[in-house]
Each structure stands twice: as C-alpha cells, then as structure tokens.
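J.: My structure file model.cif, mmCIF, C-alpha atoms and all ligand atoms, is below:
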```cif
data_target
#
loop_
_atom_site.label_atom_id
_atom_site.label_comp_id
_atom_site.auth_asym_id
_atom_site.auth_seq_id
_atom_site.Cartn_x
_atom_site.Cartn_y
_atom_site.Cartn_z
CA MET A 1 70.42 39.10 -4.47
CA ASN A 2 72.84 36.82 -2.64
CA ARG A 3 71.46 34.16 -0.36
CA ILE A 4 71.61 34.95 3.37
CA LEU A 5 72.85 31.90 5.25
CA PRO A 6 72.71 30.37 8.75
CA GLY A 7 75.26 31.98 11.05
CA GLN A 8 74.46 35.39 9.55
CA THR A 9 72.32 37.93 11.41
CA ILE A 10 68.79 39.02 10.60
CA GLY A 11 67.86 42.46 11.96
CA ILE A 12 64.22 43.00 12.87
CA ILE A 13 62.64 46.42 13.32
CA GLY A 14 59.97 45.98 15.99
CA GLY A 15 60.08 43.72 19.02
CA GLY A 16 56.47 42.52 19.25
CA GLN A 17 55.07 39.02 18.91
CA LEU A 18 55.44 38.95 15.12
CA GLY A 19 59.15 39.70 15.49
CA ARG A 20 59.42 37.08 18.21
CA MET A 21 57.82 34.37 16.05
CA MET A 22 60.02 35.38 13.07
CA ALA A 23 63.07 35.18 15.31
CA LEU A 24 62.13 31.76 16.71
CA ALA A 25 61.67 30.41 13.17
CA ALA A 26 64.99 31.92 12.02
CA LYS A 27 66.90 30.61 15.01
CA GLU A 28 65.83 27.05 14.16
CA ALA A 29 67.92 27.34 11.01
CA GLY A 30 70.86 28.83 12.91
CA PHE A 31 70.45 32.52 12.13
CA LYS A 32 71.30 35.15 14.72
CA ILE A 33 68.80 37.88 15.52
CA ALA A 34 69.23 41.59 16.24
CA VAL A 35 66.15 43.58 17.19
CA LEU A 36 65.33 47.27 17.50
CA ASP A 37 62.48 48.27 19.80
CA PRO A 38 61.86 51.21 22.16
CA ALA A 39 61.10 48.81 25.03
CA LYS A 40 63.68 46.66 26.75
CA ASN A 41 62.94 42.93 27.09
CA SER A 42 60.29 43.07 24.36
CA PRO A 43 58.70 39.79 23.17
CA CYS A 44 61.34 39.59 20.41
CA GLY A 45 64.11 41.07 22.58
CA GLN A 46 63.70 38.10 24.93
CA VAL A 47 64.74 35.65 22.20
CA ALA A 48 67.18 37.85 20.24
CA ASP A 49 70.98 37.73 20.32
CA ILE A 50 71.33 41.50 20.12
CA GLU A 51 68.80 43.93 21.57
CA ILE A 52 68.95 47.62 20.59
CA THR A 53 66.65 49.76 22.71
CA ALA A 54 65.74 53.03 20.99
CA ALA A 55 63.01 54.81 19.05
CA PHE A 56 62.29 53.43 15.56
CA ASP A 57 63.39 56.65 13.85
CA ASP A 58 66.59 57.06 15.88
CA ARG A 59 69.20 57.15 13.09
CA ASP A 60 72.08 56.09 15.36
CA ALA A 61 70.10 53.07 16.52
CA LEU A 62 69.15 52.19 12.94
CA LYS A 63 72.82 52.49 11.98
CA ALA A 64 73.72 50.16 14.87
CA LEU A 65 71.10 47.68 13.62
CA ALA A 66 72.57 47.92 10.10
CA ASP A 67 76.09 47.32 11.44
CA ALA A 68 74.95 44.23 13.35
CA SER A 69 72.82 42.71 10.56
CA ASP A 70 73.36 41.01 7.19
CA VAL A 71 69.73 41.58 6.18
CA ILE A 72 66.96 43.68 7.73
CA THR A 73 63.22 43.09 7.95
CA TYR A 74 60.36 44.62 9.94
CA GLU A 75 57.44 43.25 11.87
CA PHE A 76 55.05 46.21 11.72
CA GLU A 77 54.09 48.81 9.16
CA ASN A 78 54.24 52.05 11.08
CA ILE A 79 57.95 52.66 10.62
CA ASN A 80 58.87 56.02 9.16
CA ALA A 81 59.18 55.28 5.42
CA GLU A 82 61.94 57.90 4.92
CA ALA A 83 63.98 56.40 7.75
CA LEU A 84 63.57 52.97 6.17
CA GLU A 85 64.60 54.31 2.77
CA TRP A 86 67.70 55.86 4.34
CA LEU A 87 68.47 52.57 6.08
CA GLY A 88 68.14 50.78 2.74
CA GLU A 89 71.12 52.78 1.48
CA ILE A 90 73.43 51.42 4.17
CA SER A 91 72.01 47.90 4.56
CA LEU A 92 70.16 45.14 2.72
CA ILE A 93 66.36 45.43 3.02
CA PRO A 94 64.97 43.09 0.36
CA GLN A 95 61.39 44.24 1.09
CA GLY A 96 62.31 47.85 0.28
CA SER A 97 60.42 50.83 1.67
CA GLU A 98 57.78 51.40 -1.03
CA LEU A 99 55.27 48.84 0.28
CA ILE A 100 55.53 50.38 3.76
CA ARG A 101 54.80 53.81 2.27
CA ILE A 102 51.76 52.45 0.43
CA THR A 103 50.22 50.42 3.26
CA GLN A 104 50.65 53.29 5.73
CA ASN A 105 48.20 55.38 3.77
CA ARG A 106 44.76 54.19 2.70
CA ARG A 107 44.74 56.61 -0.27
CA LEU A 108 47.95 55.14 -1.73
CA GLU A 109 46.76 51.62 -0.88
CA LYS A 110 43.43 52.06 -2.72
CA GLU A 111 45.20 53.61 -5.73
CA MET A 112 47.61 50.68 -5.85
CA LEU A 113 44.73 48.16 -5.58
CA ASP A 114 42.98 49.97 -8.44
CA ARG A 115 46.17 49.69 -10.52
CA ALA A 116 46.40 45.97 -9.67
CA LYS A 117 42.81 45.68 -10.98
CA VAL A 118 41.41 44.01 -7.88
CA PRO A 119 37.91 44.94 -6.67
CA VAL A 120 37.61 47.20 -3.62
CA ALA A 121 34.47 48.71 -2.07
CA SER A 122 33.63 51.94 -3.93
CA TYR A 123 35.34 54.84 -2.19
CA LYS A 124 35.99 58.56 -2.24
CA ILE A 125 38.76 60.55 -0.63
CA ILE A 126 37.30 63.19 1.68
CA GLU A 127 39.72 66.09 2.04
CA ASN A 128 37.77 68.18 4.57
CA GLU A 129 34.52 68.49 6.52
CA GLN A 130 32.67 70.25 3.70
CA GLU A 131 33.56 67.52 1.23
CA LEU A 132 32.03 64.97 3.57
CA TYR A 133 28.63 66.63 3.15
CA ASP A 134 29.09 67.23 -0.59
CA LYS A 135 30.34 63.78 -1.50
CA ILE A 136 28.24 61.59 0.78
CA GLU A 137 25.10 62.62 -1.12
CA THR A 138 26.19 60.93 -4.32
CA PHE A 139 27.79 58.16 -2.34
CA GLY A 140 24.91 57.07 -0.09
CA PHE A 141 24.53 55.23 3.21
CA PRO A 142 25.63 53.05 4.87
CA ALA A 143 29.27 53.96 4.51
CA VAL A 144 32.44 53.69 6.59
CA LEU A 145 34.69 56.70 7.09
CA LYS A 146 38.33 55.80 7.80
CA THR A 147 41.36 57.91 8.61
CA LEU A 148 44.02 57.76 5.89
CA THR A 149 46.77 56.85 8.34
CA GLY A 150 47.20 55.27 11.73
CA GLY A 151 43.98 53.24 12.04
CA TYR A 152 44.05 49.64 13.27
CA ASP A 153 41.69 47.16 14.94
CA GLY A 154 38.70 49.38 14.08
CA LYS A 155 40.29 52.52 15.56
CA GLY A 156 40.08 55.65 13.42
CA GLN A 157 36.85 54.71 11.71
CA VAL A 158 33.19 55.63 11.96
CA LYS A 159 30.20 53.88 10.43
CA LEU A 160 27.84 56.32 8.74
CA ASN A 161 24.32 54.92 8.73
CA SER A 162 22.47 58.15 8.04
CA VAL A 163 22.82 61.95 7.95
CA GLU A 164 22.75 61.94 11.76
CA ASP A 165 26.15 60.25 11.88
CA LEU A 166 27.84 62.94 9.80
CA LEU A 167 28.69 65.00 12.89
CA GLU A 168 30.75 62.09 14.16
CA GLY A 169 32.37 61.84 10.74
CA GLU A 170 33.14 65.55 10.84
CA ALA A 171 34.83 65.10 14.21
CA LEU A 172 37.01 62.32 12.79
CA ILE A 173 38.16 64.58 9.94
CA LYS A 174 38.75 67.48 12.33
CA GLN A 175 40.96 65.31 14.49
CA HIS A 176 42.81 63.30 11.83
CA GLY A 177 42.60 65.25 8.57
CA PRO A 178 41.59 63.76 5.20
CA CYS A 179 39.74 60.45 5.32
CA VAL A 180 38.41 57.87 2.91
CA ALA A 181 34.69 57.09 2.72
CA GLU A 182 33.87 53.55 1.60
CA SER A 183 30.58 51.83 0.83
CA PHE A 184 29.65 49.49 3.60
CA VAL A 185 29.98 45.94 2.26
CA SER A 186 27.33 43.58 3.62
CA PHE A 187 29.70 40.66 3.63
CA GLU A 188 29.04 37.08 4.63
CA LYS A 189 32.61 36.33 5.64
CA GLU A 190 35.93 38.02 6.22
CA ILE A 191 38.90 36.07 4.93
CA SER A 192 42.62 36.58 4.51
CA VAL A 193 45.15 35.26 2.06
CA ILE A 194 48.78 35.51 3.09
CA VAL A 195 51.22 35.57 0.18
CA HIS A 196 54.98 35.11 0.24
CA ARG A 197 57.27 36.01 -2.62
CA ASN A 198 61.06 35.89 -2.89
CA SER A 199 63.29 38.06 -5.01
CA SER A 200 63.36 35.40 -7.74
CA GLY A 201 59.59 35.90 -8.13
CA GLN A 202 58.55 32.55 -6.62
CA THR A 203 55.24 32.81 -4.74
CA THR A 204 53.23 30.72 -2.30
CA THR A 205 49.95 31.36 -0.47
CA LEU A 206 48.84 30.03 2.89
CA PRO A 207 45.54 28.15 3.08
CA ILE A 208 42.75 30.76 3.25
CA ALA A 209 41.71 31.81 6.76
CA GLU A 210 38.12 32.67 7.66
CA ASN A 211 38.35 35.39 10.29
CA VAL A 212 35.89 36.20 13.05
CA HIS A 213 36.31 39.61 14.74
CA LEU A 214 34.92 40.65 18.11
CA ASN A 215 34.98 44.32 19.07
CA HIS A 216 37.03 44.93 15.89
CA ILE A 217 39.81 42.65 17.12
CA LEU A 218 40.56 39.30 15.47
CA HIS A 219 39.05 36.61 17.68
CA GLU A 220 39.22 33.40 15.69
CA SER A 221 40.62 32.09 12.39
CA ILE A 222 39.05 28.96 10.90
CA VAL A 223 41.12 27.16 8.27
CA PRO A 224 40.37 26.17 5.61
CA ALA A 225 37.83 28.97 5.15
CA ARG A 226 34.40 27.55 4.39
CA LEU A 227 34.09 28.79 0.80
CA GLU A 228 32.97 27.41 -2.54
CA PRO A 229 36.02 26.20 -4.51
CA GLU A 230 35.64 28.90 -7.17
CA VAL A 231 35.51 31.62 -4.50
CA SER A 232 38.71 30.24 -2.93
CA ARG A 233 40.37 30.24 -6.34
CA LEU A 234 39.35 33.84 -6.94
CA ALA A 235 40.68 34.92 -3.52
CA ILE A 236 44.06 33.35 -4.24
CA THR A 237 44.18 34.84 -7.75
CA LEU A 238 43.50 38.33 -6.38
CA ALA A 239 46.17 38.02 -3.68
CA LEU A 240 48.76 36.86 -6.21
CA GLN A 241 47.73 39.63 -8.60
CA ILE A 242 48.59 42.18 -5.90
CA ALA A 243 51.86 40.45 -4.97
CA ASP A 244 52.99 40.46 -8.59
CA ALA A 245 51.82 44.04 -9.21
CA ILE A 246 54.00 45.34 -6.38
CA GLU A 247 56.84 42.85 -7.00
CA LEU A 248 56.52 41.76 -3.40
CA VAL A 249 59.50 40.41 -1.52
CA GLY A 250 58.57 38.96 1.88
CA THR A 251 55.04 38.62 3.19
CA LEU A 252 51.77 40.32 2.30
CA ALA A 253 48.52 39.66 4.17
CA VAL A 254 45.46 40.47 2.08
CA GLU A 255 42.20 40.92 4.00
CA MET A 256 39.03 40.48 1.97
CA PHE A 257 35.25 40.61 2.32
CA VAL A 258 33.22 37.82 0.70
CA LYS A 259 29.57 38.44 -0.12
CA ASP A 260 26.96 35.66 -0.25
CA THR A 261 27.03 36.05 -4.04
CA GLY A 262 30.68 34.95 -4.02
CA GLU A 263 31.84 38.46 -4.90
CA ILE A 264 35.11 39.50 -3.22
CA PHE A 265 36.31 42.97 -2.20
CA VAL A 266 39.85 43.52 -0.95
CA ASN A 267 39.69 45.47 2.32
CA GLU A 268 43.26 46.04 3.44
CA LEU A 269 46.84 44.92 3.23
CA ALA A 270 49.53 44.26 5.80
CA PRO A 271 53.14 44.02 4.54
CA ARG A 272 54.19 41.44 7.15
CA PRO A 273 53.18 38.17 8.79
CA HIS A 274 49.65 38.49 10.14
CA ASN A 275 47.66 37.40 13.16
CA SER A 276 45.34 35.41 10.89
CA GLY A 277 48.33 33.30 9.75
CA HIS A 278 49.43 32.09 13.18
CA PHE A 279 47.64 28.78 12.60
CA SER A 280 50.38 27.93 10.08
CA ILE A 281 52.97 27.36 12.84
CA GLU A 282 51.45 23.96 13.58
CA ALA A 283 49.01 23.36 10.74
CA CYS A 284 51.08 23.99 7.60
CA GLU A 285 54.12 22.29 6.13
CA THR A 286 55.81 25.70 6.36
CA SER A 287 54.67 28.47 8.71
CA GLN A 288 54.24 32.10 7.68
CA PHE A 289 57.29 32.97 9.80
CA HIS A 290 59.58 30.32 8.29
CA GLN A 291 58.42 31.32 4.81
CA HIS A 292 59.01 35.02 5.56
CA ILE A 293 62.58 34.27 6.61
CA ARG A 294 63.11 32.11 3.50
CA ALA A 295 61.71 34.91 1.29
CA ILE A 296 63.88 37.69 2.69
CA CYS A 297 66.98 35.47 2.69
CA ASN A 298 66.30 34.54 -0.95
CA TRP A 299 65.86 30.86 -0.25
CA PRO A 300 63.48 28.79 -2.38
CA LEU A 301 60.00 28.83 -0.84
CA LYS A 302 58.62 25.60 0.62
CA SER A 303 55.14 24.10 0.39
CA THR A 304 52.63 25.69 2.77
CA ALA A 305 50.11 22.84 2.36
CA LEU A 306 47.64 22.40 5.20
CA ILE A 307 48.42 19.36 7.34
CA LYS A 308 45.06 19.35 9.11
CA PRO A 309 42.09 21.73 9.52
CA VAL A 310 42.63 24.12 12.38
CA VAL A 311 41.12 26.85 14.54
CA MET A 312 43.25 29.64 16.03
CA VAL A 313 41.84 31.71 18.90
CA ASN A 314 43.46 34.88 20.18
CA VAL A 315 44.35 35.19 23.85
CA LEU A 316 43.77 38.77 25.02
CA GLY A 317 44.69 40.13 28.44
CA GLN A 318 41.43 38.99 30.00
CA HIS A 319 41.91 35.42 28.67
CA VAL A 320 45.40 34.68 29.95
CA GLU A 321 44.46 33.39 33.39
CA PRO A 322 41.62 31.13 32.27
CA VAL A 323 43.72 29.76 29.38
CA VAL A 324 46.59 28.92 31.70
CA GLU A 325 44.18 27.33 34.20
CA SER A 326 42.69 25.18 31.47
CA ILE A 327 45.97 23.70 30.19
CA GLY A 328 45.33 20.44 32.05
CA ARG A 329 41.90 20.03 30.46
CA TYR A 330 42.76 20.43 26.76
CA ALA A 331 45.64 18.26 25.64
CA ASN A 332 44.85 19.14 22.00
CA TRP A 333 45.49 22.88 22.43
CA SER A 334 48.83 24.42 21.45
CA ILE A 335 49.43 27.34 23.76
CA HIS A 336 51.43 30.37 22.58
CA LEU A 337 52.14 33.23 24.97
CA TYR A 338 54.29 36.12 23.81
CA GLY A 339 56.14 37.00 27.01
CA LYS A 340 54.35 40.31 27.60
CA GLU A 341 54.27 41.23 31.24
CA GLN A 342 51.05 43.19 31.59
CA PRO A 343 47.89 41.31 30.59
CA LYS A 344 45.90 44.47 29.85
CA GLU A 345 42.30 44.12 28.69
CA ASN A 346 42.15 43.52 24.90
CA ARG A 347 45.95 43.42 24.57
CA LYS A 348 47.10 40.54 22.36
CA MET A 349 49.00 38.29 24.77
CA GLY A 350 49.06 35.00 22.88
CA HIS A 351 46.97 32.55 20.90
CA VAL A 352 45.76 28.97 21.01
CA THR A 353 45.95 26.69 17.98
CA ILE A 354 43.71 23.64 17.78
CA MET A 355 44.18 21.18 14.92
CA THR A 356 41.06 19.16 14.35
CA ALA A 357 39.28 16.56 12.24
CA ASN A 358 36.00 18.37 12.93
CA ILE A 359 35.83 22.19 12.88
CA ASN A 360 32.30 22.35 14.36
CA GLU A 361 33.22 20.14 17.30
CA THR A 362 36.25 22.32 17.95
CA LEU A 363 34.22 25.55 17.78
CA ASN A 364 31.83 23.94 20.31
CA GLN A 365 34.76 22.98 22.54
CA ILE A 366 36.01 26.58 22.45
CA ASN A 367 32.55 27.86 23.44
CA ALA A 368 32.14 25.25 26.15
CA SER A 369 35.48 26.26 27.68
CA GLN A 370 33.79 29.57 28.66
CA ILE A 371 37.15 31.32 28.34
CA TRP A 372 36.02 33.70 25.62
CA LYS A 373 32.49 34.16 27.00
CA THR A 374 32.86 37.82 27.88
CA THR A 375 34.29 39.02 24.56
P1 LIG B 401 39.89 47.86 8.72
O1 LIG B 401 40.58 48.66 9.77
O2 LIG B 401 39.76 48.55 7.41
O3 LIG B 401 40.44 46.46 8.59
O4 LIG B 401 38.40 47.63 9.28
C1 LIG B 401 38.15 46.93 10.47
C2 LIG B 401 36.87 46.14 10.38
O5 LIG B 401 35.77 47.00 10.11
C3 LIG B 401 36.86 45.13 9.23
O6 LIG B 401 37.48 43.93 9.61
C4 LIG B 401 35.37 44.99 8.96
O7 LIG B 401 34.78 44.09 9.89
C5 LIG B 401 34.84 46.38 9.22
N1 LIG B 401 34.81 47.14 7.96
C6 LIG B 401 35.78 47.95 7.50
N2 LIG B 401 35.45 48.47 6.28
C7 LIG B 401 34.24 47.99 5.97
C8 LIG B 401 33.36 48.13 4.84
N3 LIG B 401 33.66 48.93 3.79
N4 LIG B 401 32.20 47.43 4.86
C9 LIG B 401 31.88 46.64 5.90
N5 LIG B 401 32.65 46.47 6.99
C10 LIG B 401 33.82 47.12 7.03
#
```
What does the file become when written as structure tokens?
Ligand code: AMP

T.:
Amino acid sequence: MNRILPGQTIGIIGGGQLGRMMALAAKEAGFKIAVLDPAKNSPCGQVADIEITAAFDDRDALKALADASDVITYEFENINAEALEWLGEISLIPQGSELIRITQNRRLEKEMLDRAKVPVASYKIIENEQELYDKIETFGFPAVLKTLTGGYDGKGQVKLNSVEDLLEGEALIKQHGPCVAESFVSFEKEISVIVHRNSSGQTTTLPIAENVHLNHILHESIVPARLEPEVSRLAITLALQIADAIELVGTLAVEMFVKDTGEIFVNELAPRPHNSGHFSIEACETSQFHQHIRAICNWPLKSTALIKPVVMVNVLGQHVEPVVESIGRYANWSIHLYGKEQPKENRKMGHVTIMTANINETLNQINASQIWKTT
C-alpha cells in the first residue's frame, strides 16, 4: 500500500467524538478531512474541511466521500458491512470490511476469538426461546444473555441469576432474535488493551487501562492498570494474538476481564479508537488517534510509551456544568468537550484527563470534587 501523505484527504465515516479526535490529530500533520454523518455540524463536522450530511448507507453520499478522499476510515462499528465492502471497491479502505462484519455480531466475534485461541467466558448461542430453557440447564447460573447485534453500554443484555430471570431472557430473544448466553465472570478488574497495526505488520499497544464502569457506562480509566507484571504481559500477548490473527490494519480495542487468580477472559472488541484510550492524548508519546492515522496511512508506528500515570474521567451530560464551573479550581485537569449541543443525561459530552505522580491522591481529588457524586 502506498503511503498517504499530508495535503491528502482522509475520509471518516461517522461524525462523533472519535472522528473529531482522529481529525484533530490528522490535521496536525497537514491532512485534510472529509466526514460523512447524518447530522449537520457533528463533533467531527465542526473540525472537518468537507462535511457530507447523509445516512451512512446512502450510496451517493458514500460515493461523494470516496471522490473527496484519498483514504477512508470509520469511527464506529455499526456501518452496514455490505455498503463498506462496496465502498472498498471504489476507494482505499486499508481496514477492510471484514473486521466490521465480525465485531457487529457477537457470534462471529466469539468464533474468531476461539480461532485466535484466546480465552473467552464459556458461551452458547441461543437460537430461540425454547433453546434458552434447554441450554441453560447444562450451562448454569449466573449467566449473561446478550443480543448478537446492536448492544452497547450494557444495552441488549440481561443477567440471569436464577430460573426466575428466564422470562426476562425470553423477552430479550423475542424482541431481538438469537442471543448468546455467557457464564458470568466474577472478575476483579476490567481492563482494555488498544492495539494498532499497519499494513506492513508493525504493531504497538497502548499502556493497559483499568476501567471502572458506572451504570454500564465507562466512568474512569486508570493507567497503568494495577496488575501483576505477568498478568499485564498476558493481556498484551492476547491482544497482539488477536491483531495478528485478523491481520489488523488500524486500531483494535480489546476489553478483558481479569480474575483475582490472574486469569484473563476477553470480553469484546471494538475495531476503532476507544473511550478507554483517551488518556493517551496527553499521557503517551503517541495518542491512539495519531497512531490510528499513522496506521491507516501506512506510516511507521511511533512509541506509545506512557509519559506519566494518568486518570481519565468521562464527562456525561449531567457533569458538563459542574466540570466547567470547576475549571478555575483544578489547574492539573485537561478538559476535553466534544462540541455536542445537548448535554442529555448519560450522553458522552467530553472527558477530563489528569496526569499524576500519585493515582490514589488523584482518585481522592476526583471524589472530593463532588462532580461525579450522583453517578
Ligand atoms: P459488554 O456489552 O459485553 O461490554 O458488557 C457490558 C458490561 O457488562 C461489561 O463491561 C461487564 O461489566 C458486564 N459483563 C458483560 N459480560 C459479562 C460476563 N460474562 N461476566 C461478568 N460481567 C459481564
């Protein structure tokens, strides 16, 4: 693959915050940005050179994006895989469409993880309501039932603690079709490893993030994750194993559960920069967004070494006002807001990054700020 160079145009499918942060990184090097999003003035549209406003599967709009761009990437995984495949025939999409197809469907994702020989929680595909009753017997409780497609931030899943919860499980299958039942993993920590790979096969990983969720939404990432060295090594090995198995080009975020025994189970994958990697903008020698751009433009990848320990906290709709009010009090906080107009409850509006010599002190400072007290 030829190298894509400054002055050329990177097309981004999706105008959210991930696209915006990709665009900002790319523009530093002198790239131009074209973006496709159904909403005008999207977070990425605000910083792009060319804004195309249309549905993601609108073939004319995709053709217009192809005409405007020298290379195309995406910032979210719910693009129609066939439309992306079609687009790949008329434009350069180094990431391809296969990874999108796999990560859109938990069945294909689990099968791929099995092929890559990485451990996942034991699971069974549940095709219909009757199978739920038949299969759960051998499977046991507690379990988690997840829709095969469309779930995010805890939506589209039901925890099954006992037979009494099966009715709720049945309702999920009725509404969404086949599901996957997984053993519930009593994990000690959730972590993520973000891998980049370019088309020459060079890989890097970001420092491991330890992720704290509240109401199924990422609240905080603590980096480096507080893990035994051999557990960290295993996490990185597993992430690279997946990246190599799928011949990744671009970015892959690998979410994992860590048990107190040090055992690791891969939970899910995202084929794009990830919320739990935002800390890298300030805290790494190369951010996940810069590295993504380097990977898809076939540049050599740079070191992602951690400059300083760091905590990243998400700013949801309900946190915007108190965060803005507190700017004068916390000179050590880097404030990121994504330019979204409506600060709806639980909508991701921005994040705060705090580099620190002392993680515990910083976690105490975050608590003492009272900003996140209601989440
Ligand atoms: P997911 O949409 O698969 O990322 O799941 C959202 C959240 O639900 C995860 O971050 C976990 O906190 C929890 N979760 C999902 N699957 C399991 C599992 N098999 N065992 C324990 N917790 C889970």

J.: I'd like the contact shell of Tyr133 of chain A - 10 Å cut-off, all atoms listed in the file, skipping same-chain residues fewer than 3 positions apart - returned as a PyMOL selection string.

T.: chain A and resi 126+128-130+136-138+163+166-167+169-170

J.: Would you kindly identify which residues have an atom no farther than 10 Å from (70.2, 51.0, 8.1), using all atoms listed in the file and the file's own coordinates, and write them out as a list in words?

T.: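 Answer for this query, in the requested form: Gly11, Arg59, Asp60, Ala61, Leu62, Lys63, Ala64, Leu65, Ala66, Asp67, Ala68, Ser69, Val71, Ile72, Ala83, Leu84, Glu85, Trp86, Leu87, Gly88, Glu89, Ile90, Ser91, Leu92 and Ile93 of chain A.
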
J.: Please write out the residues within 8 Å of ligand LIG 401 (chain B) as a list in words, counting only C-alpha atoms and all ligand atoms.

T.: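 Using only C-alpha atoms and all ligand atoms, everything at most 8 Å from ligand LIG 401 (chain B) comes to Ala121, Ala143, Val144, Lys146, Gly151, Tyr152, Asp153, Gly154, Lys155, Gly156, Gln157, Glu182, Ser183, Phe184, Val185, Ser186, Phe187, Glu190, His213, His216, Ile217, Glu255, Phe257, Asn267 and Glu268 of chain A.
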
J.: Would you mind reading off the distance between atom CA of Gln104 of chain A and atom CA of Leu148 of chain A, one decimal, in Å?

T.: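 Calculated distance between atom CA of Gln104 of chain A and atom CA of Leu148 of chain A is 8.0 Å.
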
J.: In Å to one decimal, how far is atom CA of Ile12 of chain A from atom CA of Val35 of chain A?

T.: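 So the answer is 4.8 Å.
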
J.: For the atom pair atom CA of Pro300 of chain A and atom CA of Ser200 of chain A, what is the interatomic distance in Å to one decimal place?

T.: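 Straight-line distance from atom CA of Pro300 of chain A to atom CA of Ser200 of chain A works out to 8.5 Å.
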
J.: Restricting the calculation to only C-alpha atoms: of A:Glu210, A:Asp58, A:Glu109, A:Asp49, which residue gets closest to Ser232 of chain A?

T.: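 Nearest to Ser232 of chain A: A:Glu210.
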
J.: Hey, what's within 9 Å of Leu337 of chain A if we count only C-alpha atoms and toss same-chain stuff fewer than 5 positions away? As a count of residues only, please?

T.: 7

J.: Would you mind telling me which residue in A:Leu363, A:Val195, A:Ala225, A:Ala116 lies nearest to Ile242 of chain A when using all atoms listed in the file?

T.: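 For Ile242 of chain A, the nearest of the given residues is A:Ala116.
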
J.: Find, counting all atoms listed in the file, the residue in A:Glu98, A:Asp114, A:Glu77, A:Asp165 that gets nearest to Pro273 of chain A.

T.: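 Using all atoms listed in the file, Pro273 of chain A sits closest to A:Glu77.
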
J.: Counting only C-alpha atoms, note down every residue that has an atom within 9 Å of the point (59.2, 48.6, 15.6) (file coordinates), as a JSON list (two decimals) with C-alpha atoms, in the coordinates of the input.

T.:
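The resulting file, point35.json, is shown below:
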```
[["chain", "number", "residue", "atom", "x", "y", "z"],
["A", 12, "ILE", "CA", 64.22, 43.00, 12.87],
["A", 13, "ILE", "CA", 62.64, 46.42, 13.32],
["A", 14, "GLY", "CA", 59.97, 45.98, 15.99],
["A", 15, "GLY", "CA", 60.08, 43.72, 19.02],
["A", 16, "GLY", "CA", 56.47, 42.52, 19.25],
["A", 19, "GLY", "CA", 59.15, 39.70, 15.49],
["A", 35, "VAL", "CA", 66.15, 43.58, 17.19],
["A", 36, "LEU", "CA", 65.33, 47.27, 17.50],
["A", 37, "ASP", "CA", 62.48, 48.27, 19.80],
["A", 38, "PRO", "CA", 61.86, 51.21, 22.16],
["A", 55, "ALA", "CA", 63.01, 54.81, 19.05],
["A", 56, "PHE", "CA", 62.29, 53.43, 15.56],
["A", 74, "TYR", "CA", 60.36, 44.62, 9.94],
["A", 75, "GLU", "CA", 57.44, 43.25, 11.87],
["A", 76, "PHE", "CA", 55.05, 46.21, 11.72],
["A", 77, "GLU", "CA", 54.09, 48.81, 9.16],
["A", 78, "ASN", "CA", 54.24, 52.05, 11.08],
["A", 79, "ILE", "CA", 57.95, 52.66, 10.62]]
```

J.: Any idea what's packed within 9 Å of Asp244 of chain A, counting only C-alpha atoms, ignoring anything in its chain fewer than 5 positions away? Could you give it as a list of chain:residue names?

T.: A:Ala116, A:Arg197, A:Gly201, A:Thr203, A:Ala239

J.: Select, from A:Ile191, A:Ala26, A:Leu113, A:Cys44, the residue with the minimum atom-to-atom distance to Glu220 of chain A, counting all atoms listed in the file.

T.: A:Ile191

J.: Using all atoms listed in the file, which of the listed residues (A:Thr261, A:Gln175, A:Thr205, A:Asn275) sits closest to Gln241 of chain A?

T.: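 Once distances to Gln241 of chain A are computed over all atoms listed in the file, the minimum belongs to A:Thr205.
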
J.: Write out as a PyMOL selection string the residues lying within 12 Å of Pro207 of chain A, counting only C-alpha atoms and excluding same-chain residues fewer than 6 positions away.

T.: chain A and resi 191-195+221-227+232-233+235-236+239+253+276-280+283-288+303-310

J.: Could you write out that same residue set with C-alpha atoms as an mmCIF file, in the frame of the given file?

T.:
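Final output, part06.cif:
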```
data_model
loop_
_atom_site.group_PDB
_atom_site.id
_atom_site.type_symbol
_atom_site.label_atom_id
_atom_site.label_comp_id
_atom_site.auth_asym_id
_atom_site.auth_seq_id
_atom_site.Cartn_x
_atom_site.Cartn_y
_atom_site.Cartn_z
ATOM 1 C CA ILE A 191 38.900 36.070 4.930
ATOM 2 C CA SER A 192 42.620 36.580 4.510
ATOM 3 C CA VAL A 193 45.150 35.260 2.060
ATOM 4 C CA ILE A 194 48.780 35.510 3.090
ATOM 5 C CA VAL A 195 51.220 35.570 0.180
ATOM 6 C CA SER A 221 40.620 32.090 12.390
ATOM 7 C CA ILE A 222 39.050 28.960 10.900
ATOM 8 C CA VAL A 223 41.120 27.160 8.270
ATOM 9 C CA PRO A 224 40.370 26.170 5.610
ATOM 10 C CA ALA A 225 37.830 28.970 5.150
ATOM 11 C CA ARG A 226 34.400 27.550 4.390
ATOM 12 C CA LEU A 227 34.090 28.790 0.800
ATOM 13 C CA SER A 232 38.710 30.240 -2.930
ATOM 14 C CA ARG A 233 40.370 30.240 -6.340
ATOM 15 C CA ALA A 235 40.680 34.920 -3.520
ATOM 16 C CA ILE A 236 44.060 33.350 -4.240
ATOM 17 C CA ALA A 239 46.170 38.020 -3.680
ATOM 18 C CA ALA A 253 48.520 39.660 4.170
ATOM 19 C CA SER A 276 45.340 35.410 10.890
ATOM 20 C CA GLY A 277 48.330 33.300 9.750
ATOM 21 C CA HIS A 278 49.430 32.090 13.180
ATOM 22 C CA PHE A 279 47.640 28.780 12.600
ATOM 23 C CA SER A 280 50.380 27.930 10.080
ATOM 24 C CA ALA A 283 49.010 23.360 10.740
ATOM 25 C CA CYS A 284 51.080 23.990 7.600
ATOM 26 C CA GLU A 285 54.120 22.290 6.130
ATOM 27 C CA THR A 286 55.810 25.700 6.360
ATOM 28 C CA SER A 287 54.670 28.470 8.710
ATOM 29 C CA GLN A 288 54.240 32.100 7.680
ATOM 30 C CA SER A 303 55.140 24.100 0.390
ATOM 31 C CA THR A 304 52.630 25.690 2.770
ATOM 32 C CA ALA A 305 50.110 22.840 2.360
ATOM 33 C CA LEU A 306 47.640 22.400 5.200
ATOM 34 C CA ILE A 307 48.420 19.360 7.340
ATOM 35 C CA LYS A 308 45.060 19.350 9.110
ATOM 36 C CA PRO A 309 42.090 21.730 9.520
ATOM 37 C CA VAL A 310 42.630 24.120 12.380
#
```

J.: From the list A:Phe141, A:Ala295, A:Glu28, A:Thr147, which residue is nearest Pro6 of chain A when using all atoms listed in the file?

T.: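 Using all atoms listed in the file, Pro6 of chain A sits closest to A:Glu28.
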